[in-house]
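Chemist: The file below is data-v1.txt, compact mmCIF, C-alpha atoms and all ligand atoms:
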```txt
# COMPACT_ATOMS: atom_id res chain seq x y z
CA MET A 1 146.68 104.18 112.94
CA MET A 2 144.85 106.95 114.80
CA PRO A 3 146.50 110.38 114.37
CA THR A 4 148.33 111.29 117.60
CA ALA A 5 146.46 114.61 117.90
CA THR A 6 143.10 112.86 118.28
CA ARG A 7 144.30 109.85 120.26
CA PRO A 8 142.81 109.86 123.79
CA THR A 9 145.16 109.61 126.76
CA LEU A 10 144.85 106.90 129.40
CA ASP A 11 143.13 109.42 131.68
CA ASP A 12 140.57 110.28 128.97
CA VAL A 13 139.85 106.61 128.41
CA ARG A 14 139.44 105.93 132.12
CA ALA A 15 137.18 108.92 132.71
CA LEU A 16 134.80 107.95 129.92
CA GLU A 17 134.66 104.30 131.00
CA ALA A 18 134.05 105.32 134.60
CA ARG A 19 130.79 106.91 133.47
CA HIS A 20 129.62 104.59 130.72
CA VAL A 21 130.97 101.05 131.13
CA VAL A 22 129.59 98.52 133.62
CA PRO A 23 132.40 98.05 136.15
CA THR A 24 132.80 94.27 135.78
CA TYR A 25 136.55 94.49 135.15
CA LYS A 26 139.49 95.54 137.28
CA ARG A 27 141.77 96.79 134.52
CA GLN A 28 145.51 97.35 134.56
CA PRO A 29 146.36 101.06 134.16
CA VAL A 30 147.22 100.94 130.47
CA ALA A 31 145.28 101.59 127.24
CA PHE A 32 146.63 99.72 124.24
CA VAL A 33 146.03 101.36 120.91
CA ARG A 34 147.84 99.14 118.43
CA GLY A 35 149.88 95.99 118.09
CA GLU A 36 152.63 94.53 115.97
CA GLY A 37 153.47 90.83 116.19
CA VAL A 38 154.12 90.00 119.85
CA TYR A 39 154.24 93.68 120.84
CA LEU A 40 151.50 96.02 122.04
CA VAL A 41 151.76 99.81 122.00
CA ASP A 42 149.99 102.01 124.54
CA ALA A 43 148.41 105.45 124.22
CA ASP A 44 151.78 107.07 125.05
CA GLY A 45 153.63 105.11 122.37
CA ARG A 46 155.31 102.72 124.84
CA ARG A 47 155.94 99.15 123.58
CA TYR A 48 155.17 96.03 125.63
CA LEU A 49 156.12 92.43 124.98
CA ASP A 50 152.84 90.50 125.12
CA LEU A 51 153.11 87.09 126.79
CA LEU A 52 149.37 86.90 127.36
CA SER A 53 147.83 87.47 123.89
CA GLY A 54 144.56 88.80 125.27
CA ILE A 55 144.17 85.72 127.54
CA GLY A 56 145.17 83.18 124.92
CA VAL A 57 143.29 84.69 121.99
CA ALA A 58 145.67 86.58 119.68
CA SER A 59 147.24 83.34 118.51
CA LEU A 60 148.81 84.93 115.42
CA GLY A 61 150.01 87.96 117.37
CA HIS A 62 148.77 91.47 116.67
CA ALA A 63 148.02 93.05 113.31
CA HIS A 64 149.06 89.87 111.49
CA PRO A 65 149.25 90.98 107.83
CA GLY A 66 147.79 87.76 106.38
CA LEU A 67 144.89 87.65 108.83
CA ALA A 68 144.26 91.37 108.29
CA ARG A 69 144.12 90.83 104.51
CA ALA A 70 141.77 87.84 104.85
CA LEU A 71 139.43 89.78 107.15
CA ALA A 72 139.48 92.89 104.97
CA ASP A 73 138.71 90.78 101.90
CA GLN A 74 135.85 89.00 103.69
CA ALA A 75 134.49 92.26 105.13
CA ALA A 76 134.40 93.69 101.61
CA THR A 77 132.63 90.56 100.31
CA LEU A 78 130.07 89.34 102.88
CA VAL A 79 130.18 89.44 106.69
CA HIS A 80 126.96 87.95 107.98
CA THR A 81 123.84 86.28 106.70
CA SER A 82 122.61 84.33 109.81
CA ASN A 83 122.12 80.61 110.19
CA LEU A 84 118.90 80.70 108.19
CA TYR A 85 121.02 80.22 105.06
CA TYR A 86 124.03 78.25 103.88
CA HIS A 87 127.39 79.84 103.21
CA PRO A 88 130.53 78.10 102.00
CA LEU A 89 132.81 78.57 105.02
CA GLN A 90 131.20 76.78 108.03
CA GLY A 91 131.63 73.34 106.51
CA GLN A 92 135.24 74.13 105.63
CA VAL A 93 136.07 75.13 109.21
CA GLY A 94 134.15 72.10 110.53
CA ALA A 95 136.13 69.78 108.26
CA ARG A 96 139.47 71.22 109.42
CA LEU A 97 138.45 70.96 113.08
CA ALA A 98 137.30 67.37 112.48
CA ALA A 99 140.68 66.49 110.98
CA LEU A 100 142.47 67.90 114.04
CA SER A 101 140.16 66.58 116.76
CA GLY A 102 138.61 63.38 115.37
CA LEU A 103 135.16 64.78 116.20
CA PRO A 104 133.27 65.02 112.93
CA ARG A 105 130.82 67.86 113.55
CA ALA A 106 130.94 71.42 114.87
CA PHE A 107 128.35 73.81 116.28
CA PHE A 108 129.61 77.39 115.90
CA CYS A 109 129.17 80.14 118.45
CA ASN A 110 130.96 83.30 119.55
CA SER A 111 132.82 82.57 122.77
CA GLY A 112 134.20 79.89 125.02
CA THR A 113 131.34 80.04 127.48
CA GLU A 114 128.83 79.53 124.66
CA ALA A 115 130.83 76.54 123.44
CA VAL A 116 130.55 75.02 126.92
CA GLU A 117 126.82 75.84 127.09
CA ALA A 118 126.35 74.00 123.81
CA CYS A 119 128.27 70.98 125.13
CA LEU A 120 126.15 70.85 128.29
CA LYS A 121 122.90 71.16 126.33
CA PHE A 122 123.96 68.56 123.78
CA ALA A 123 124.92 66.14 126.58
CA ARG A 124 121.50 66.59 128.16
CA ARG A 125 119.85 66.24 124.74
CA TYR A 126 121.73 63.00 124.08
CA TRP A 127 120.25 61.33 127.15
CA HIS A 128 116.81 62.83 126.54
CA SER A 129 116.83 61.49 122.96
CA ASN A 130 117.91 58.10 124.30
CA GLY A 131 114.96 57.85 126.68
CA GLU A 132 116.95 58.67 129.83
CA SER A 133 115.63 62.15 130.61
CA ALA A 134 116.52 61.79 134.29
CA ARG A 135 120.20 61.45 133.44
CA THR A 136 121.01 65.14 133.95
CA ARG A 137 123.94 65.42 136.36
CA PHE A 138 127.41 66.71 135.65
CA VAL A 139 130.65 65.87 137.41
CA ALA A 140 133.19 68.68 137.18
CA LEU A 141 136.57 69.40 138.74
CA ALA A 142 137.82 71.51 141.62
CA HIS A 143 139.80 74.48 140.19
CA GLY A 144 137.88 74.11 136.90
CA PHE A 145 136.78 77.19 134.97
CA SER A 146 134.38 77.00 132.04
CA GLY A 147 132.89 80.47 131.71
CA ARG A 148 130.40 82.96 133.13
CA THR A 149 127.01 82.12 131.58
CA MET A 150 124.70 80.18 133.87
CA GLY A 151 125.43 76.67 132.57
CA ALA A 152 129.17 77.13 132.21
CA LEU A 153 129.26 78.89 135.58
CA SER A 154 127.53 75.88 137.12
CA VAL A 155 130.50 73.67 136.18
CA THR A 156 132.99 76.38 137.24
CA TRP A 157 134.40 75.66 140.65
CA ASP A 158 135.59 78.83 142.35
CA ASP A 159 132.92 80.13 144.71
CA HIS A 160 133.79 83.77 144.12
CA TYR A 161 132.48 83.43 140.54
CA ARG A 162 129.41 81.47 141.64
CA ALA A 163 128.13 82.75 144.97
CA PRO A 164 126.35 85.97 143.86
CA PHE A 165 124.43 84.10 141.15
CA GLN A 166 122.99 81.13 142.99
CA PRO A 167 120.94 79.08 142.38
CA LEU A 168 122.85 77.69 139.41
CA VAL A 169 122.11 74.55 137.37
CA PRO A 170 121.47 71.82 139.95
CA GLY A 171 123.13 68.43 140.06
CA VAL A 172 126.80 69.38 139.62
CA ILE A 173 129.34 67.52 141.75
CA PHE A 174 132.95 68.74 141.99
CA VAL A 175 135.83 66.35 142.60
CA PRO A 176 139.53 67.10 143.15
CA PRO A 177 141.48 66.77 139.88
CA TYR A 178 144.18 64.46 141.27
CA ASP A 179 141.87 62.04 143.10
CA PRO A 180 140.85 59.11 140.86
CA ALA A 181 138.88 57.45 143.68
CA ALA A 182 136.78 60.57 144.22
CA LEU A 183 135.92 60.63 140.52
CA ALA A 184 134.99 56.96 140.55
CA ALA A 185 132.70 57.56 143.53
CA ALA A 186 131.04 60.63 141.98
CA VAL A 187 130.19 59.24 138.53
CA ASP A 188 127.20 56.96 138.28
CA ASP A 189 124.36 56.22 135.89
CA SER A 190 122.69 59.54 136.69
CA THR A 191 125.75 61.38 135.30
CA ALA A 192 125.06 62.97 131.93
CA ALA A 193 128.69 64.01 131.46
CA ILE A 194 132.05 64.51 133.10
CA VAL A 195 133.34 68.00 132.32
CA VAL A 196 137.09 68.61 132.48
CA GLU A 197 139.72 71.01 131.24
CA PRO A 198 142.49 68.58 130.25
CA LEU A 199 144.94 71.31 131.26
CA GLN A 200 143.26 73.65 133.70
CA GLY A 201 143.92 77.30 132.90
CA GLU A 202 142.26 79.76 135.28
CA GLY A 203 142.65 77.25 138.10
CA GLY A 204 146.43 77.72 138.03
CA VAL A 205 147.75 75.97 134.88
CA ARG A 206 147.36 72.39 136.10
CA PRO A 207 147.54 69.50 133.64
CA LEU A 208 145.49 66.43 134.53
CA ASP A 209 147.75 63.42 135.09
CA ALA A 210 147.76 59.91 133.63
CA ALA A 211 146.13 58.30 136.69
CA PHE A 212 143.24 60.76 136.61
CA ALA A 213 142.85 60.36 132.85
CA ALA A 214 142.62 56.58 133.40
CA ALA A 215 139.93 57.17 136.04
CA ILE A 216 137.96 59.30 133.55
CA ARG A 217 138.18 56.53 130.93
CA ASP A 218 137.08 53.93 133.50
CA ALA A 219 134.16 56.03 134.76
CA CYS A 220 132.90 56.65 131.22
CA ALA A 221 133.25 52.97 130.31
CA ARG A 222 131.54 51.80 133.52
CA THR A 223 128.56 54.18 133.44
CA GLY A 224 128.28 55.38 129.83
CA ALA A 225 128.71 59.00 130.98
CA LEU A 226 129.75 61.32 128.18
CA LEU A 227 133.01 63.23 128.42
CA VAL A 228 133.20 66.97 127.74
CA ALA A 229 136.76 68.25 127.26
CA ASP A 230 136.86 72.01 127.70
CA GLU A 231 139.77 72.98 125.46
CA VAL A 232 138.86 76.65 125.20
CA GLN A 233 142.19 77.67 126.72
CA CYS A 234 144.49 74.68 126.23
CA GLY A 235 143.25 73.54 122.80
CA LEU A 236 144.03 74.23 119.16
CA GLY A 237 147.77 73.73 119.39
CA ARG A 238 148.60 75.88 122.38
CA THR A 239 150.24 72.99 124.21
CA GLY A 240 152.10 71.69 121.13
CA VAL A 241 149.47 69.06 120.27
CA PRO A 242 146.19 69.91 118.54
CA PHE A 243 144.23 69.12 121.73
CA PHE A 244 145.50 68.26 125.19
CA PHE A 245 142.90 65.46 125.59
CA GLN A 246 144.96 63.65 122.94
CA ALA A 247 148.10 63.87 125.10
CA LEU A 248 146.11 62.28 127.95
CA GLY A 249 144.65 59.50 125.79
CA LEU A 250 141.06 60.67 126.36
CA ALA A 251 138.24 60.24 123.86
CA PRO A 252 135.65 62.97 124.54
CA ASP A 253 132.25 63.07 122.86
CA LEU A 254 132.18 66.84 123.14
CA VAL A 255 134.98 69.41 123.00
CA SER A 256 134.58 73.14 123.57
CA VAL A 257 136.96 75.46 121.72
CA GLY A 258 137.32 79.23 121.43
CA LYS A 259 140.08 81.74 122.16
CA ALA A 260 142.91 80.94 119.68
CA LEU A 261 140.50 79.83 116.95
CA GLY A 262 139.64 83.28 115.64
CA GLY A 263 143.03 84.89 116.22
CA GLY A 264 141.13 87.71 117.96
CA MET A 265 137.80 87.45 116.16
CA PRO A 266 135.16 86.06 118.56
CA VAL A 267 134.74 82.43 117.45
CA GLY A 268 133.78 79.42 119.54
CA ALA A 269 132.66 75.93 118.67
CA ALA A 270 131.38 72.75 120.27
CA LEU A 271 132.94 69.75 118.51
CA VAL A 272 130.64 66.76 118.65
CA SER A 273 130.87 63.02 118.05
CA GLU A 274 128.55 61.38 115.55
CA ARG A 275 126.54 59.59 118.25
CA VAL A 276 125.83 62.85 120.10
CA ALA A 277 125.15 64.78 116.88
CA GLY A 278 122.67 62.04 115.96
CA ALA A 279 120.58 62.92 119.02
CA ILE A 280 120.24 66.60 118.10
CA ARG A 281 117.26 67.95 116.18
CA ALA A 282 116.88 71.15 114.13
CA GLY A 283 115.83 73.92 116.50
CA ASP A 284 117.45 72.41 119.61
CA HIS A 285 120.08 75.14 119.82
CA GLY A 286 121.17 78.20 117.88
CA THR A 287 122.74 81.63 117.83
CA THR A 288 122.34 84.54 115.43
CA TYR A 289 126.03 85.29 114.85
CA GLY A 290 127.55 81.83 115.30
CA GLY A 291 129.88 80.85 112.47
CA ASN A 292 129.25 83.88 110.29
CA LEU A 293 131.44 84.43 107.26
CA LEU A 294 133.87 86.83 108.93
CA ALA A 295 134.31 84.56 111.96
CA CYS A 296 134.80 81.50 109.77
CA ARG A 297 137.28 83.30 107.52
CA ALA A 298 139.37 84.13 110.59
CA ALA A 299 139.16 80.53 111.82
CA LEU A 300 140.13 79.17 108.41
CA TYR A 301 143.11 81.47 108.28
CA PHE A 302 144.24 80.42 111.76
CA LEU A 303 143.74 76.70 111.08
CA ASP A 304 145.67 76.91 107.81
CA GLU A 305 148.56 78.59 109.64
CA LEU A 306 148.39 76.04 112.47
CA THR A 307 148.63 73.03 110.19
CA GLY A 308 151.01 74.78 107.80
CA GLY A 309 153.96 74.83 110.22
CA LEU A 310 152.78 76.86 113.23
CA LEU A 311 152.13 73.79 115.38
CA ASP A 312 155.75 72.64 114.92
CA HIS A 313 156.86 76.16 115.79
CA VAL A 314 154.84 76.02 119.04
CA VAL A 315 156.55 72.73 119.94
CA ARG A 316 160.02 74.17 119.29
CA VAL A 317 159.54 77.53 121.04
CA GLY A 318 157.54 75.88 123.82
CA LYS A 319 160.47 73.58 124.68
CA ALA A 320 162.87 76.51 124.83
CA LEU A 321 160.43 78.57 126.91
CA GLY A 322 159.87 75.64 129.29
CA SER A 323 163.60 75.26 129.94
CA ASP A 324 164.10 79.02 130.31
CA LEU A 325 161.32 79.05 132.92
CA ALA A 326 162.83 76.08 134.75
CA ALA A 327 166.15 77.96 134.88
CA LEU A 328 164.35 81.07 136.13
CA ALA A 329 162.68 79.03 138.88
CA ALA A 330 166.07 77.63 139.89
CA ARG A 331 167.46 81.14 140.53
CA GLN A 332 164.26 82.70 141.95
CA PRO A 333 163.30 81.06 145.26
CA ALA A 334 159.91 82.87 145.18
CA VAL A 335 158.92 80.51 142.34
CA THR A 336 157.73 77.28 143.95
CA ALA A 337 156.53 75.39 140.86
CA VAL A 338 156.51 75.66 137.07
CA ARG A 339 153.66 73.91 135.25
CA GLY A 340 152.57 73.79 131.66
CA ARG A 341 153.27 72.65 128.11
CA GLY A 342 154.00 74.32 124.81
CA LEU A 343 153.00 77.96 125.08
CA MET A 344 150.83 77.65 128.21
CA TRP A 345 152.75 78.09 131.47
CA GLY A 346 152.06 78.89 135.09
CA LEU A 347 154.65 79.88 137.68
CA GLU A 348 153.39 79.30 141.20
CA LEU A 349 154.83 81.80 143.65
CA ASP A 350 155.20 81.76 147.42
CA ARG A 351 153.05 84.92 147.47
CA ASP A 352 150.22 86.69 145.67
CA ALA A 353 151.30 87.14 142.06
CA ALA A 354 149.61 90.55 141.65
CA GLY A 355 152.78 92.47 142.54
CA VAL A 356 154.81 90.62 139.92
CA VAL A 357 152.19 91.32 137.24
CA ASP A 358 152.35 95.06 138.09
CA ALA A 359 156.16 95.06 138.15
CA ALA A 360 156.21 93.25 134.79
CA LEU A 361 153.92 95.85 133.23
CA ALA A 362 156.24 98.58 134.49
CA ARG A 363 159.06 96.73 132.72
CA GLY A 364 157.10 96.50 129.48
CA LEU A 365 155.90 92.92 129.83
CA VAL A 366 152.27 91.78 129.69
CA ILE A 367 151.46 88.69 131.79
CA ASN A 368 148.69 87.92 134.25
CA ARG A 369 147.85 86.35 137.55
CA THR A 370 145.48 83.49 138.10
CA ALA A 371 144.55 81.43 141.15
CA GLU A 372 146.12 84.23 143.24
CA ARG A 373 149.68 82.90 143.36
CA VAL A 374 150.19 81.87 139.77
CA VAL A 375 151.81 84.00 137.06
CA ARG A 376 150.30 82.84 133.78
CA LEU A 377 151.92 83.01 130.34
CA LEU A 378 149.85 82.46 127.18
CA PRO A 379 152.00 84.02 124.45
CA PRO A 380 150.98 84.30 120.81
CA PHE A 381 151.79 81.10 118.88
CA VAL A 382 154.02 83.11 116.53
CA ILE A 383 156.46 84.19 119.26
CA SER A 384 160.11 83.50 118.38
CA GLU A 385 162.62 81.81 120.70
CA GLN A 386 164.44 85.14 121.14
CA GLU A 387 161.21 86.97 122.02
CA ALA A 388 160.28 84.25 124.51
CA ALA A 389 163.75 84.49 126.08
CA GLU A 390 163.40 88.28 126.27
CA GLY A 391 160.06 87.77 128.04
CA VAL A 392 161.64 85.46 130.61
CA ALA A 393 164.46 87.97 131.16
CA ARG A 394 161.90 90.73 131.85
CA LEU A 395 159.94 88.41 134.13
CA ASP A 396 163.15 87.67 136.03
CA LEU A 397 163.67 91.42 136.57
CA ALA A 398 160.03 91.89 137.65
CA LEU A 399 160.37 89.05 140.17
CA GLY A 400 163.55 90.66 141.43
CA ASP A 401 161.72 94.00 141.83
CA VAL A 402 159.06 92.40 144.00
CA VAL A 403 161.13 89.91 145.94
CA GLY A 404 163.86 92.50 146.51
CA ALA A 405 161.24 94.98 147.68
CA THR A 406 159.68 92.65 150.24
CA ALA A 407 162.76 90.67 151.40
N1 LIG A 501 136.59 77.49 129.27
C1 LIG A 501 137.86 77.72 129.60
C2 LIG A 501 138.76 76.57 129.89
C3 LIG A 501 138.34 79.02 129.70
O1 LIG A 501 139.61 79.25 130.06
C4 LIG A 501 137.46 80.09 129.41
C5 LIG A 501 137.91 81.50 129.53
O2 LIG A 501 138.93 81.80 130.08
C6 LIG A 501 136.14 79.80 129.06
C7 LIG A 501 135.74 78.49 128.99
C8 LIG A 501 135.18 80.91 128.75
O3 LIG A 501 135.52 81.49 127.53
P1 LIG A 501 134.99 82.95 127.15
O4 LIG A 501 135.64 83.91 128.11
O5 LIG A 501 135.41 83.13 125.72
O6 LIG A 501 133.51 82.93 127.30
```
Output the structure of this file as structure tokens.
Modeler:
Amino acid sequence: MMPTATRPTLDDVRALEARHVVPTYKRQPVAFVRGEGVYLVDADGRRYLDLLSGIGVASLGHAHPGLARALADQAATLVHTSNLYYHPLQGQVGARLAALSGLPRAFFCNSGTEAVEACLKFARRYWHSNGESARTRFVALAHGFSGRTMGALSVTWDDHYRAPFQPLVPGVIFVPPYDPAALAAAVDDSTAAIVVEPLQGEGGVRPLDAAFAAAIRDACARTGALLVADEVQCGLGRTGVPFFFQALGLAPDLVSVGKALGGGMPVGAALVSERVAGAIRAGDHGTTYGGNLLACRAALYFLDELTGGLLDHVVRVGKALGSDLAALAARQPAVTAVRGRGLMWGLELDRDAAGVVDAALARGLVINRTAERVVRLLPPFVISEQEAAEGVARLDLALGDVVGATA
């Protein structure tokens, strides 16, 4: 812990950033300096209950002692050697991910957007290797979000992310996520892959439904199009199942993962079926850092926790949180819908959610807003039922602050 005398204040932090950090982010007025389980502590020593976990990343909460020990041990042993050489941990993480997902192989990278890039490239490579180089198009979904690099951005729907960076990758068609007929019409034998988040995150916490999942299966069967499931946000146990595509009965060839996998260390991966992996040659893709020893050690630690009881915990706490949120919606008329599963929830409001996020922060609760009117909750997987209930109680007060203030 930094000694208080040398710890910068929020104003110090803001002043330095204002001069030296590219202004891509609109930050909340708080500087967190340490964490403890599901709590964050700011530069003034104030504690906040964290129902966001760094946008779905700090899956084991903050300063988890076991993860900290594993990382310290690995840092003192060997951190990075590059992908020019073998090390013992990539295969171990790949094997655990294969057991959870059914997809036998992993390509390791450092973020969600890179995982999606890998999926898009591997889908293209599959058709190229199979003598169908013209089969390059992607069908993606309205409200979908897959990242900010050029390929992932090209299958991201919202124009405010896309417009300043056009032209993007050509040949992407967007269809509404609850319109099976539109999907059927969009997918043909020029489609390399359909790209979907099985439970859309940034787009407002919207699970795909059974009818749309059936349409995806039909379109893939009819045309041979590959399926990419972007599980960067909803995957790895967050919804109470290892992957949400499993809950929908989908069988993707490619799955992108990230966020929760490293428990805060930057780790992403593209999980790949044998038939797609068979089309990929050495040199087709790569990254210097991807799957280094420190990243893999974090992923191994997380995956061991997940399969060692944490997934059951997510199911149990997720059920309690879901019913607490339904009760909250019943007494707060500003909440027009509650959507989600496990520890991934969105509360749609009858107004912009920004005011509620600010009011929550003032009440010591960290949440965020997505799709303008949606309050999003992505708590750490380790949250207890009591902590989740405390979070809902604070959210209730924050809603009251805003609704009371504008009524
Ligand atoms: N895919 C999904 C579904 C996401 O929610 C995100 C990030 O929010 C990404 C991809 C991009 O991940 P990253 O921000 O790690 O690049």
Chemist: Neighbours of Phe145 in chain A within 8 Å (all atoms listed in the file; same-chain residues fewer than 6 positions away dropped), as a list in words?
Modeler: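 Listed by chain and then number, they are Leu153, Val155, Thr156, Trp157, Asp158, Glu197, Gln200, Gly201, Glu202 and Gly203 of chain A.
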Chemist: Would you write out those residues with C-alpha atoms, as a PDB file, in the frame of the given file?
Modeler:
```pdb
ATOM      1  CA  LEU A 153     129.260  78.890 135.580  1.00  0.00           C
ATOM      2  CA  VAL A 155     130.500  73.670 136.180  1.00  0.00           C
ATOM      3  CA  THR A 156     132.990  76.380 137.240  1.00  0.00           C
ATOM      4  CA  TRP A 157     134.400  75.660 140.650  1.00  0.00           C
ATOM      5  CA  ASP A 158     135.590  78.830 142.350  1.00  0.00           C
ATOM      6  CA  GLU A 197     139.720  71.010 131.240  1.00  0.00           C
ATOM      7  CA  GLN A 200     143.260  73.650 133.700  1.00  0.00           C
ATOM      8  CA  GLY A 201     143.920  77.300 132.900  1.00  0.00           C
ATOM      9  CA  GLU A 202     142.260  79.760 135.280  1.00  0.00           C
ATOM     10  CA  GLY A 203     142.650  77.250 138.100  1.00  0.00           C
TER      11      GLY A 203
END
```
Chemist: Using all atoms listed in the file, which protein or nucleic acid residues are at most 8 Å from ligand LIG 501 (chain A), as an MDAnalysis selection string?
Modeler: chainID A and resid 55 110:116 144:149 152 197 200:202 230:234 256:259 266 268
Chemist: Can I get the selected residues back with C-alpha atoms, as an mmCIF file, keeping the file's coordinate frame?
Modeler:
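This is the output file out_28.cif:
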```cif
data_model
loop_
_atom_site.group_PDB
_atom_site.id
_atom_site.type_symbol
_atom_site.label_atom_id
_atom_site.label_comp_id
_atom_site.auth_asym_id
_atom_site.auth_seq_id
_atom_site.Cartn_x
_atom_site.Cartn_y
_atom_site.Cartn_z
ATOM 1 C CA ILE A 55 144.170 85.720 127.540
ATOM 2 C CA ASN A 110 130.960 83.300 119.550
ATOM 3 C CA SER A 111 132.820 82.570 122.770
ATOM 4 C CA GLY A 112 134.200 79.890 125.020
ATOM 5 C CA THR A 113 131.340 80.040 127.480
ATOM 6 C CA GLU A 114 128.830 79.530 124.660
ATOM 7 C CA ALA A 115 130.830 76.540 123.440
ATOM 8 C CA VAL A 116 130.550 75.020 126.920
ATOM 9 C CA GLY A 144 137.880 74.110 136.900
ATOM 10 C CA PHE A 145 136.780 77.190 134.970
ATOM 11 C CA SER A 146 134.380 77.000 132.040
ATOM 12 C CA GLY A 147 132.890 80.470 131.710
ATOM 13 C CA ARG A 148 130.400 82.960 133.130
ATOM 14 C CA THR A 149 127.010 82.120 131.580
ATOM 15 C CA ALA A 152 129.170 77.130 132.210
ATOM 16 C CA GLU A 197 139.720 71.010 131.240
ATOM 17 C CA GLN A 200 143.260 73.650 133.700
ATOM 18 C CA GLY A 201 143.920 77.300 132.900
ATOM 19 C CA GLU A 202 142.260 79.760 135.280
ATOM 20 C CA ASP A 230 136.860 72.010 127.700
ATOM 21 C CA GLU A 231 139.770 72.980 125.460
ATOM 22 C CA VAL A 232 138.860 76.650 125.200
ATOM 23 C CA GLN A 233 142.190 77.670 126.720
ATOM 24 C CA CYS A 234 144.490 74.680 126.230
ATOM 25 C CA SER A 256 134.580 73.140 123.570
ATOM 26 C CA VAL A 257 136.960 75.460 121.720
ATOM 27 C CA GLY A 258 137.320 79.230 121.430
ATOM 28 C CA LYS A 259 140.080 81.740 122.160
ATOM 29 C CA PRO A 266 135.160 86.060 118.560
ATOM 30 C CA GLY A 268 133.780 79.420 119.540
#
```
Chemist: Provide the CA of Val403 in chain A to CA of Ala31 in chain A distance in Å, to one decimal place.
Modeler: 27.2 Å
Chemist: Distance table requested - range 244-299 of chain A against range 118-126 of chain A, cut-off 9 Å, all atoms listed in the file: one row per qualifying residue with the closest atom pair and its distance in Å to one decimal, ordered by chain and rising residue number, as CSV.
Modeler:
```
residue,atom,partner,partner_atom,distance
A:Asp253,CA,A:Ala123,CA,8.8
A:Leu254,CA,A:Cys119,CA,6.0
A:Val255,CA,A:Cys119,CA,7.2
A:Ser256,CA,A:Cys119,CA,6.8
A:Ala269,CA,A:Ala118,CA,8.4
A:Ala270,CA,A:Cys119,CA,6.0
A:Leu271,CA,A:Cys119,CA,8.2
A:Val272,CA,A:Cys119,CA,8.1
A:Arg275,CA,A:Tyr126,CA,8.3
A:Val276,CA,A:Tyr126,CA,5.7
A:Ala277,CA,A:Phe122,CA,8.0
A:Gly278,CA,A:Tyr126,CA,8.2
A:Ala279,CA,A:Tyr126,CA,5.2
A:Ile280,CA,A:Arg125,CA,6.7
A:Asp284,CA,A:Arg125,CA,8.4
A:His285,CA,A:Ala118,CA,7.5
A:Gly286,CA,A:Ala118,CA,8.9
```
Chemist: Kindly indicate which residue among A:Leu78, A:Ala299, A:Ala15, A:Leu328 lies nearest to Leu60 in chain A, using all atoms listed in the file for the distances.
Modeler: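 Comparing A:Leu78, A:Ala299, A:Ala15, A:Leu328 against Leu60 in chain A, the winner is A:Ala299.
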Chemist: What separation in Å, quoted to one decimal, exists between CA of Leu103 in chain A and CA of Glu274 in chain A?
Modeler: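 Interatomic distance here is 7.5 Å.
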Chemist: Which residue out of A:Gly237, A:Pro252, A:Gly391, A:Gly340 has the minimum interatomic distance to Leu306 in chain A when all atoms listed in the file are used?
Modeler: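 Closest to Leu306 in chain A, using all atoms listed in the file: A:Gly237.
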